[in-house]
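This is query31.txt. It holds compact mmCIF, C-alpha atoms.
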```txt
# COMPACT_ATOMS: atom_id res chain seq x y z
CA MET W 1 36.76 -66.22 -18.39
CA SER W 2 37.28 -68.15 -15.14
CA ASP W 3 34.51 -68.23 -12.53
CA ARG W 4 36.97 -69.02 -9.76
CA PRO W 5 36.92 -66.47 -6.94
CA THR W 6 40.05 -64.41 -6.46
CA PRO W 7 42.07 -65.92 -3.58
CA PRO W 8 42.50 -63.73 -0.50
CA ARG W 9 45.63 -61.56 -0.48
CA PHE W 10 47.57 -61.78 2.75
CA SER W 11 50.04 -59.41 4.33
CA VAL W 12 52.18 -61.50 6.69
CA VAL W 13 53.56 -59.69 9.73
CA ILE W 14 56.63 -61.02 11.55
CA CYS W 15 57.69 -59.01 14.61
CA VAL W 16 61.40 -59.23 15.48
CA TYR W 17 63.52 -57.75 18.23
CA THR W 18 66.93 -59.45 18.58
CA GLU W 19 69.85 -60.38 16.34
CA GLU W 20 70.23 -63.57 18.35
CA ARG W 21 67.38 -64.95 16.23
CA TRP W 22 68.91 -63.92 12.91
CA GLY W 23 68.85 -67.41 11.40
CA ASP W 24 65.34 -68.02 12.71
CA ILE W 25 64.09 -64.75 11.20
CA LEU W 26 65.48 -65.62 7.76
CA ALA W 27 63.94 -69.10 7.99
CA ALA W 28 60.55 -67.64 8.95
CA VAL W 29 60.60 -65.25 5.99
CA ASP W 30 61.71 -68.02 3.64
CA SER W 31 58.81 -70.24 4.74
CA VAL W 32 56.37 -67.43 3.92
CA ARG W 33 57.91 -66.81 0.51
CA LYS W 34 57.49 -70.50 -0.36
CA GLN W 35 53.75 -70.64 0.39
CA SER W 36 51.48 -72.45 -2.07
CA LEU W 37 49.26 -69.34 -1.83
CA PRO W 38 51.81 -66.55 -2.28
CA PRO W 39 51.37 -63.61 0.10
CA LEU W 40 51.00 -60.09 -1.16
CA GLU W 41 53.91 -59.08 1.08
CA THR W 42 55.87 -59.96 4.19
CA LEU W 43 56.32 -57.20 6.76
CA LEU W 44 59.26 -57.44 9.16
CA VAL W 45 58.59 -55.10 12.09
CA VAL W 46 61.71 -54.39 14.16
CA ASP W 47 61.13 -53.54 17.81
CA HIS W 48 63.43 -50.62 18.68
CA ASN W 49 66.67 -52.25 17.56
CA ASP W 50 68.47 -49.98 15.08
CA ARG W 51 71.24 -52.45 14.36
CA LEU W 52 68.78 -55.22 13.50
CA LEU W 53 66.69 -52.77 11.45
CA HIS W 54 69.72 -51.77 9.38
CA ARG W 55 70.91 -55.35 8.95
CA LEU W 56 67.51 -56.60 7.76
CA THR W 57 67.11 -53.61 5.44
CA GLU W 58 70.41 -54.56 3.81
CA GLU W 59 69.47 -58.25 3.70
CA TYR W 60 66.34 -57.52 1.67
CA ALA W 61 67.71 -54.59 -0.36
CA ASP W 62 67.55 -56.41 -3.69
CA GLU W 63 64.75 -55.09 -5.96
CA ARG W 64 62.90 -58.40 -5.98
CA ASP W 65 63.35 -58.79 -2.22
CA ARG W 66 61.99 -55.30 -1.57
CA ALA W 67 58.91 -56.14 -3.62
CA GLU W 68 58.19 -59.13 -1.40
CA VAL W 69 59.66 -58.17 2.00
CA ARG W 70 59.29 -54.78 3.67
CA VAL W 71 61.31 -53.89 6.76
CA LEU W 72 59.70 -51.43 9.19
CA ALA W 73 60.54 -49.94 12.56
CA ASN W 74 57.98 -50.34 15.34
CA ALA W 75 56.20 -46.98 15.32
CA GLY W 76 54.82 -47.35 18.84
CA PRO W 77 56.17 -48.10 22.31
CA ARG W 78 58.42 -51.12 22.77
CA GLY W 79 56.60 -54.45 22.78
CA LEU W 80 54.91 -57.07 20.64
CA SER W 81 51.47 -55.46 20.62
CA SER W 82 52.59 -52.16 19.14
CA GLY W 83 54.85 -54.03 16.73
CA ARG W 84 51.85 -55.92 15.42
CA ASN W 85 49.85 -52.70 15.24
CA THR W 86 52.62 -51.16 13.15
CA GLY W 87 52.42 -54.11 10.77
CA ILE W 88 48.63 -53.87 10.55
CA ALA W 89 48.80 -50.17 9.76
CA ALA W 90 51.30 -50.74 6.94
CA ALA W 91 49.59 -53.83 5.51
CA ARG W 92 48.21 -53.59 1.99
CA GLY W 93 46.42 -56.94 2.02
CA ALA W 94 42.75 -57.45 2.83
CA PHE W 95 43.89 -60.11 5.33
CA VAL W 96 46.71 -59.89 7.85
CA ALA W 97 48.50 -63.01 9.11
CA PHE W 98 50.97 -63.20 11.99
CA LEU W 99 53.94 -65.57 12.32
CA ASP W 100 56.40 -65.78 15.21
CA ASP W 101 59.98 -64.87 14.37
CA ASP W 102 61.27 -68.25 15.60
CA ALA W 103 58.78 -70.38 13.67
CA VAL W 104 58.43 -71.74 10.14
CA ALA W 105 55.13 -72.24 8.36
CA GLU W 106 54.24 -75.32 6.36
CA ARG W 107 53.70 -74.76 2.64
CA ASP W 108 49.88 -74.67 2.76
CA TRP W 109 49.63 -72.46 5.85
CA LEU W 110 48.08 -69.46 4.09
CA HIS W 111 46.00 -71.72 1.82
CA HIS W 112 44.20 -73.16 4.85
CA PHE W 113 43.74 -69.71 6.37
CA ALA W 114 42.19 -68.53 3.11
CA ALA W 115 39.70 -71.41 3.02
CA GLY W 116 38.18 -70.26 6.30
CA TYR W 117 37.34 -66.84 4.91
CA ALA W 118 34.94 -68.28 2.34
CA ASP W 119 32.36 -67.60 5.05
CA PRO W 120 31.92 -63.81 5.21
CA GLU W 121 31.15 -63.98 8.94
CA VAL W 122 34.63 -65.35 9.71
CA VAL W 123 36.84 -62.53 10.99
CA ALA W 124 39.83 -64.54 12.24
CA VAL W 125 41.45 -67.90 11.51
CA GLY W 126 44.23 -69.46 13.57
CA GLY W 127 46.23 -72.62 13.14
CA ARG W 128 48.12 -75.39 14.93
CA THR W 129 51.55 -74.67 16.40
CA LEU W 130 53.89 -77.62 17.02
CA PRO W 131 56.92 -77.40 19.32
CA VAL W 132 60.46 -78.01 18.09
CA TRP W 133 62.36 -78.78 21.29
CA ALA W 134 65.99 -77.64 21.50
CA SER W 135 66.90 -80.92 23.18
CA GLY W 136 65.28 -82.90 20.38
CA ARG W 137 62.37 -84.19 22.43
CA ARG W 138 59.74 -83.09 24.93
CA PRO W 139 60.97 -83.03 28.56
CA VAL W 140 59.36 -86.04 30.23
CA TRP W 141 57.83 -83.87 32.97
CA PHE W 142 56.30 -81.32 30.57
CA PRO W 143 52.51 -81.85 30.22
CA GLU W 144 50.96 -81.38 26.77
CA GLU W 145 48.12 -79.53 28.48
CA PHE W 146 50.60 -76.69 29.11
CA ASP W 147 52.15 -76.40 25.66
CA TRP W 148 50.75 -72.84 25.56
CA VAL W 149 53.62 -72.05 27.95
CA VAL W 150 55.99 -72.36 24.98
CA GLY W 151 53.60 -70.73 22.49
CA CYS W 152 52.20 -73.95 21.04
CA THR W 153 48.85 -75.66 20.61
CA TYR W 154 47.97 -77.46 23.83
CA ARG W 155 46.08 -80.64 24.63
CA GLY W 156 42.41 -79.90 25.18
CA LEU W 157 41.72 -77.94 22.00
CA ALA W 158 39.26 -79.66 19.68
CA PRO W 159 40.76 -81.02 16.42
CA GLY W 160 39.78 -79.99 12.89
CA ARG W 161 38.32 -76.64 11.92
CA VAL W 162 36.46 -75.42 14.99
CA ARG W 163 34.95 -72.23 16.32
CA VAL W 164 36.89 -70.69 19.21
CA ARG W 165 36.81 -67.69 21.53
CA ASN W 166 40.30 -66.59 20.50
CA VAL W 167 43.14 -67.53 18.21
CA LEU W 168 46.78 -67.76 19.34
CA GLY W 169 48.79 -64.74 18.23
CA GLY W 170 51.90 -66.40 16.79
CA ASN W 171 49.88 -68.37 14.25
CA ALA W 172 46.82 -66.35 13.33
CA SER W 173 45.14 -64.23 10.68
CA PHE W 174 42.43 -61.56 10.64
CA ARG W 175 40.39 -59.66 8.13
CA ARG W 176 41.89 -56.19 7.88
CA THR W 177 38.41 -54.77 8.53
CA ALA W 178 38.38 -56.48 11.93
CA PHE W 179 40.85 -53.90 13.19
CA ASP W 180 38.73 -51.10 11.80
CA ALA W 181 35.88 -52.38 13.98
CA ALA W 182 37.73 -53.26 17.17
CA GLY W 183 41.01 -51.34 17.10
CA GLY W 184 44.41 -52.94 17.45
CA PHE W 185 46.26 -55.05 19.99
CA ALA W 186 46.29 -53.51 23.45
CA THR W 187 49.66 -52.13 24.49
CA GLY W 188 50.81 -52.71 28.04
CA ILE W 189 49.51 -56.28 28.19
CA GLY W 190 51.70 -58.37 25.88
CA ARG W 191 55.35 -59.34 25.64
CA ASP W 192 58.23 -56.89 25.70
CA GLY W 193 61.26 -58.71 24.33
CA ASP W 194 62.78 -61.06 26.91
CA ARG W 195 61.22 -59.39 29.94
CA ARG W 196 58.57 -61.08 32.12
CA PRO W 197 56.59 -63.25 29.69
CA LEU W 198 53.18 -61.61 29.89
CA GLY W 199 50.69 -62.48 27.19
CA CYS W 200 46.98 -62.71 26.38
CA GLU W 201 46.95 -59.68 24.10
CA GLU W 202 45.37 -61.78 21.35
CA THR W 203 42.76 -63.10 23.79
CA GLU W 204 41.77 -59.58 24.80
CA LEU W 205 41.60 -58.46 21.17
CA CYS W 206 39.49 -61.44 20.07
CA ILE W 207 36.96 -60.94 22.86
CA ARG W 208 36.76 -57.25 22.04
CA LEU W 209 36.39 -58.10 18.35
CA ALA W 210 33.52 -60.51 19.01
CA GLY W 211 31.73 -57.72 20.87
CA ALA W 212 32.35 -55.15 18.16
CA VAL W 213 31.22 -57.29 15.21
CA PRO W 214 27.80 -58.93 15.71
CA GLY W 215 27.85 -62.52 14.51
CA ALA W 216 31.64 -62.59 14.23
CA VAL W 217 33.11 -66.09 13.85
CA LEU W 218 36.66 -66.99 14.90
CA LEU W 219 38.13 -70.33 13.83
CA ILE W 220 41.12 -72.55 14.38
CA ASP W 221 42.00 -74.85 11.47
CA ASP W 222 44.56 -77.39 12.63
CA ARG W 223 45.75 -77.94 9.05
CA ALA W 224 47.37 -74.49 9.11
CA VAL W 225 50.56 -75.69 10.77
CA ILE W 226 53.68 -73.90 11.91
CA HIS W 227 56.70 -75.32 13.74
CA HIS W 228 57.84 -73.20 16.66
CA LYS W 229 61.31 -73.44 18.18
CA VAL W 230 61.53 -73.96 21.93
CA PRO W 231 64.96 -72.86 23.21
CA ALA W 232 66.67 -74.82 25.96
CA VAL W 233 65.90 -72.21 28.62
CA ARG W 234 62.17 -72.71 28.03
CA GLU W 235 62.45 -76.44 28.58
CA ARG W 236 63.33 -75.81 32.23
CA PHE W 237 60.89 -75.91 35.11
CA ALA W 238 62.03 -72.45 36.23
CA TYR W 239 60.68 -70.94 33.00
CA PHE W 240 57.50 -72.98 33.32
CA ARG W 241 56.88 -71.49 36.78
CA THR W 242 57.56 -67.94 35.63
CA ARG W 243 55.39 -68.25 32.54
CA VAL W 244 52.30 -69.70 34.22
CA TYR W 245 52.49 -67.09 36.99
CA ALA W 246 52.72 -64.35 34.35
CA GLU W 247 49.73 -65.87 32.57
CA GLY W 248 47.70 -65.40 35.75
CA LEU W 249 48.72 -61.74 35.87
CA SER W 250 47.77 -61.39 32.20
CA LYS W 251 44.36 -63.00 32.67
CA ALA W 252 43.62 -60.47 35.39
CA LEU W 253 44.31 -57.68 32.90
CA VAL W 254 42.05 -59.33 30.33
CA ALA W 255 39.26 -59.64 32.90
CA GLN W 256 39.77 -55.99 33.79
CA SER W 257 39.29 -55.05 30.14
CA VAL W 258 36.45 -57.31 28.99
CA GLY W 259 34.99 -58.67 32.24
CA ALA W 260 35.65 -61.95 34.03
CA GLY W 261 32.70 -63.68 32.34
CA LYS W 262 34.18 -63.47 28.84
CA GLY W 263 37.78 -63.22 29.97
CA LEU W 264 37.71 -66.58 31.77
CA GLU W 265 35.05 -68.43 29.78
CA SER W 266 37.41 -70.91 28.10
CA GLU W 267 39.68 -71.16 31.15
CA ARG W 268 36.86 -72.53 33.31
CA ARG W 269 36.38 -75.53 31.03
CA TYR W 270 40.15 -75.96 30.77
CA THR W 271 40.67 -76.04 34.54
CA SER W 272 37.58 -78.10 35.34
CA ARG W 273 37.94 -80.77 32.63
CA VAL W 274 41.20 -80.76 30.71
CA LEU W 275 43.61 -80.35 33.61
CA PRO W 276 42.02 -82.88 36.00
CA ALA W 277 42.14 -85.44 33.18
CA GLY W 278 45.81 -84.61 32.69
CA VAL W 279 46.56 -85.15 36.39
CA LEU W 280 44.81 -88.54 36.30
CA ARG W 281 46.83 -89.58 33.23
CA GLY W 282 50.02 -88.56 34.98
CA VAL W 283 49.15 -90.51 38.12
CA ARG W 284 48.19 -93.54 36.04
CA ASP W 285 51.47 -93.40 34.13
CA ALA W 286 53.37 -93.15 37.42
CA LEU W 287 51.59 -96.22 38.79
CA LEU W 288 52.42 -98.09 35.59
CA GLY W 289 56.06 -97.12 35.91
CA ARG W 290 56.11 -94.86 32.87
CA ALA W 291 58.70 -92.11 32.81
CA GLY W 292 57.58 -88.62 33.80
CA GLY W 293 54.05 -89.47 34.96
CA ALA W 294 54.45 -88.08 38.46
CA GLY W 295 56.32 -85.07 37.13
CA ARG W 296 53.56 -84.21 34.66
CA ALA W 297 50.88 -84.53 37.32
CA GLY W 298 52.91 -82.36 39.67
CA ALA W 299 53.58 -79.76 36.97
CA ILE W 300 49.86 -79.44 36.25
CA VAL W 301 49.01 -78.94 39.92
CA THR W 302 51.87 -76.45 40.33
CA GLY W 303 50.84 -74.62 37.17
CA VAL W 304 47.26 -74.20 38.35
CA ALA W 305 48.39 -72.90 41.73
CA LEU W 306 50.84 -70.39 40.27
CA ALA W 307 48.40 -69.13 37.63
CA ALA W 308 45.74 -68.71 40.30
CA GLY W 309 48.20 -66.81 42.47
CA GLY W 310 49.14 -64.52 39.57
CA TYR W 311 45.48 -63.89 38.79
CA ALA W 312 44.70 -63.07 42.43
CA LEU W 313 47.61 -60.62 42.66
CA GLY W 314 46.75 -59.05 39.31
CA THR W 315 43.13 -58.61 40.37
CA LEU W 316 44.19 -57.02 43.67
CA ARG W 317 46.49 -54.61 41.84
CA ALA W 318 43.66 -53.67 39.48
CA ARG W 319 41.35 -52.89 42.40
CA ARG W 320 44.03 -50.70 43.95
CA GLY W 321 44.68 -48.98 40.64
CA ALA W 322 48.24 -50.30 40.59
CA SER W 323 48.02 -52.60 37.56
CA PRO W 324 49.84 -51.70 34.33
CA THR W 325 47.96 -49.32 32.07
CA PHE W 326 47.03 -50.64 28.67
CA SER W 327 45.10 -49.20 25.80
CA TRP W 328 44.17 -49.71 22.19
CA GLY W 329 43.16 -47.38 19.46
CA PRO W 330 42.15 -47.37 15.82
CA ILE W 331 44.60 -48.73 13.29
CA THR W 332 44.96 -46.29 10.42
CA PRO W 333 47.32 -46.30 7.41
CA GLU W 334 48.59 -42.91 8.53
CA THR W 335 50.19 -44.57 11.57
CA VAL W 336 52.97 -45.91 9.37
CA THR W 337 53.86 -44.43 6.00
CA PRO W 338 55.16 -47.10 3.60
CA PRO W 339 58.61 -46.19 2.20
CA GLU W 340 57.42 -45.82 -1.39
CA THR W 341 54.50 -43.58 -0.32
CA ARG W 342 56.84 -41.45 1.75
CA GLU W 343 59.26 -41.10 -1.17
CA THR W 344 56.44 -40.07 -3.49
CA ALA W 345 55.15 -37.52 -0.99
CA GLU W 346 58.61 -36.04 -0.55
CA THR W 347 59.11 -35.81 -4.32
CA GLU W 348 55.77 -34.11 -4.83
CA GLY W 349 56.47 -31.74 -1.99
CA ALA W 350 59.81 -30.77 -3.51
CA ALA W 351 58.19 -30.24 -6.92
CA ALA W 352 55.54 -27.98 -5.40
```
Once more with this new file: its structure as structure tokens, please.
Amino acid sequence: MSDRPTPPRFSVVICVYTEERWGDILAAVDSVRKQSLPPLETLLVVDHNDRLLHRLTEEYADERDRAEVRVLANAGPRGLSSGRNTGIAAARGAFVAFLDDDAVAERDWLHHFAAGYADPEVVAVGGRTLPVWASGRRPVWFPEEFDWVVGCTYRGLAPGRVRVRNVLGGNASFRRTAFDAAGGFATGIGRDGDRRPLGCEETELCIRLAGAVPGAVLLIDDRAVIHHKVPAVRERFAYFRTRVYAEGLSKALVAQSVGAGKGLESERRYTSRVLPAGVLRGVRDALLGRAGGAGRAGAIVTGVALAAGGYALGTLRARRGASPTFSWGPITPETVTPPETRETAETEGAAA
């Protein structure tokens, strides 16, 4: 008899919303199915798009496919947060991992997540997200310190396996029991398709989780790598401006929920150390005649100003009671009935 511990079983949740990403969605699912640590299941949660729901259901209608990939409709209001909550509620694994629908995971992605959970105090493990630029290379003006703008790991995060305040939602995993303790992702704070790119729902959840579970440890392991596509529109400065402003609005909502002390703890170090160093590098590169140096320095300064403006406006709205409402609640299996459970229940009901 082997003394090896049983490896963690992961349910992988991929939230999808548009047929325009059809090829990306199939590639994301394929990367999960090829993991060196096979997942228990992959859950595709479709955000209020009946055509996409039907098309994906047909795509994975084969018996073997249905055993590995389950297609679900978002059971809550439109948006990424409720889509993730739907996936959590339906998940059968003891661990739930999240992958963006326009990203592919490297083969050992889940293996490195699993290694972090050897410590019973670890409640969440995130990974490193690398950009895949539509143009084939990083825009020369785009500072690495702002790679979070395109959903990727940014310059300033410590390398290796390190303890963090929060993981990044598109490349993250949690113990299923974490949601029992803290509830799910807050609705009203995250993305809603292609509308204004608000975010920070994973930040708010992680801070809330740390408060709900004494001694909780959250990690990022930079060996758990995914490659995230950056479309051409997000390589433009106009998107950069919109996204950093929206981040300021989102941070105000986080501060409203968990307090400014916890809500801005990591951001203070980022703005006082990481960003000034980035400006100096940009200025130095400009003086040395290197391409993009002045642009990167200017983008950092502009980004700080816009994020601060968004935060100020979001805070003012909160004080006036005009900010968006957001809430979270317990995640229970009853929220979403898996297809096979529903079929069984219907059969038993008919027999009775």
Self-check item: atom CA of W:Thr271 to atom CA of W:Ala246, straight-line distance in Å
Solution: 16.8 Å
Practice problem: May I have the residues within 7 Å of stretch 52-67 of chain W as a list of chain:residue names, using all atoms listed in the file and disregarding those fewer than 6 positions away in the same chain? | Solution: W:Thr18, W:Glu19, W:Val46, W:Ala73
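The residue that comes closest to W:Asp180, out of W:Thr42, W:Asn85, W:Asn74, W:Asn49 and on the basis of only C-alpha atoms, is W:Asn85.
Of the residues listed (W:Pro139, W:Arg243, W:Leu157, W:Ser82), W:Ser82 shows the shortest atom-to-atom separation from W:Gly183; distances use all atoms listed in the file.
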Self-check item: Protein and nucleic acid residues near (63.3, -67.4, 15.1) (cut-off 10 Å, all atoms listed in the file) as an MDAnalysis selection string
Solution: chainID W and resid 14 16 18:29 99:104 228:231
Using the atoms already present, construct all heavy atoms for stretch 128-139 of chain W and hand them back as a short mmCIF file (atom, residue, chain, number, x, y, z; two decimals), in the frame of the given file.
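Saved as selection05.cif:
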```
data_model
loop_
_atom_site.label_atom_id
_atom_site.label_comp_id
_atom_site.auth_asym_id
_atom_site.auth_seq_id
_atom_site.Cartn_x
_atom_site.Cartn_y
_atom_site.Cartn_z
N ARG W 128 47.51 -74.50 13.93
CA ARG W 128 48.12 -75.39 14.93
C ARG W 128 49.62 -75.13 14.99
O ARG W 128 50.28 -75.08 13.95
CB ARG W 128 47.84 -76.85 14.56
CG ARG W 128 48.43 -77.88 15.53
CD ARG W 128 47.73 -79.22 15.39
NE ARG W 128 47.71 -79.69 14.02
CZ ARG W 128 48.41 -80.74 13.57
NH1 ARG W 128 49.20 -81.40 14.39
NH2 ARG W 128 48.30 -81.12 12.31
N THR W 129 50.13 -74.97 16.19
CA THR W 129 51.55 -74.67 16.40
C THR W 129 52.20 -75.84 17.11
O THR W 129 51.81 -76.21 18.22
CB THR W 129 51.73 -73.39 17.22
OG1 THR W 129 51.08 -72.31 16.54
CG2 THR W 129 53.19 -73.05 17.41
N LEU W 130 53.21 -76.45 16.47
CA LEU W 130 53.89 -77.62 17.02
C LEU W 130 55.25 -77.23 17.56
O LEU W 130 55.98 -76.45 16.92
CB LEU W 130 54.05 -78.69 15.93
CG LEU W 130 52.76 -79.19 15.27
CD1 LEU W 130 53.07 -80.20 14.19
CD2 LEU W 130 51.82 -79.79 16.32
N PRO W 131 55.63 -77.76 18.73
CA PRO W 131 56.92 -77.40 19.32
C PRO W 131 58.08 -78.12 18.66
O PRO W 131 57.97 -79.29 18.28
CB PRO W 131 56.76 -77.83 20.78
CG PRO W 131 55.78 -78.96 20.74
CD PRO W 131 54.83 -78.65 19.60
N VAL W 132 59.20 -77.42 18.52
CA VAL W 132 60.46 -78.01 18.09
C VAL W 132 61.43 -77.83 19.26
O VAL W 132 61.99 -76.75 19.46
CB VAL W 132 61.01 -77.34 16.82
CG1 VAL W 132 62.32 -77.98 16.40
CG2 VAL W 132 59.99 -77.40 15.69
N TRP W 133 61.60 -78.87 20.06
CA TRP W 133 62.36 -78.78 21.29
C TRP W 133 63.86 -78.70 21.00
O TRP W 133 64.39 -79.45 20.19
CB TRP W 133 62.06 -79.98 22.18
CG TRP W 133 60.61 -80.14 22.50
CD1 TRP W 133 59.71 -80.93 21.86
CD2 TRP W 133 59.88 -79.45 23.54
NE1 TRP W 133 58.46 -80.79 22.43
CE2 TRP W 133 58.53 -79.90 23.45
CE3 TRP W 133 60.23 -78.52 24.52
CZ2 TRP W 133 57.54 -79.44 24.32
CZ3 TRP W 133 59.24 -78.06 25.39
CH2 TRP W 133 57.92 -78.52 25.28
N ALA W 134 64.55 -77.81 21.69
CA ALA W 134 65.99 -77.64 21.50
C ALA W 134 66.74 -78.93 21.81
O ALA W 134 67.74 -79.25 21.16
CB ALA W 134 66.51 -76.50 22.38
N SER W 135 66.24 -79.67 22.78
CA SER W 135 66.90 -80.92 23.18
C SER W 135 66.58 -82.08 22.24
O SER W 135 67.17 -83.15 22.35
CB SER W 135 66.47 -81.30 24.59
OG SER W 135 65.07 -81.54 24.63
N GLY W 136 65.65 -81.86 21.32
CA GLY W 136 65.28 -82.90 20.38
C GLY W 136 64.05 -83.68 20.77
O GLY W 136 63.51 -84.44 19.97
N ARG W 137 63.58 -83.50 22.00
CA ARG W 137 62.37 -84.19 22.43
C ARG W 137 61.75 -83.46 23.61
O ARG W 137 62.41 -82.69 24.31
CB ARG W 137 62.66 -85.64 22.83
CG ARG W 137 63.60 -85.78 24.02
CD ARG W 137 63.76 -87.24 24.40
NE ARG W 137 64.59 -87.39 25.60
CZ ARG W 137 64.82 -88.55 26.19
NH1 ARG W 137 64.31 -89.67 25.70
NH2 ARG W 137 65.56 -88.60 27.28
N ARG W 138 60.46 -83.70 23.82
CA ARG W 138 59.74 -83.09 24.93
C ARG W 138 60.33 -83.54 26.27
O ARG W 138 60.56 -84.74 26.48
CB ARG W 138 58.27 -83.51 24.86
CG ARG W 138 57.42 -83.09 26.07
CD ARG W 138 56.02 -83.68 25.99
NE ARG W 138 55.34 -83.18 24.81
CZ ARG W 138 54.68 -82.03 24.76
NH1 ARG W 138 54.58 -81.28 25.86
NH2 ARG W 138 54.11 -81.63 23.65
N PRO W 139 60.57 -82.61 27.20
CA PRO W 139 60.97 -83.03 28.56
C PRO W 139 59.91 -83.96 29.15
O PRO W 139 58.71 -83.69 29.01
CB PRO W 139 61.05 -81.71 29.33
CG PRO W 139 61.29 -80.67 28.27
CD PRO W 139 60.54 -81.14 27.07
#
```
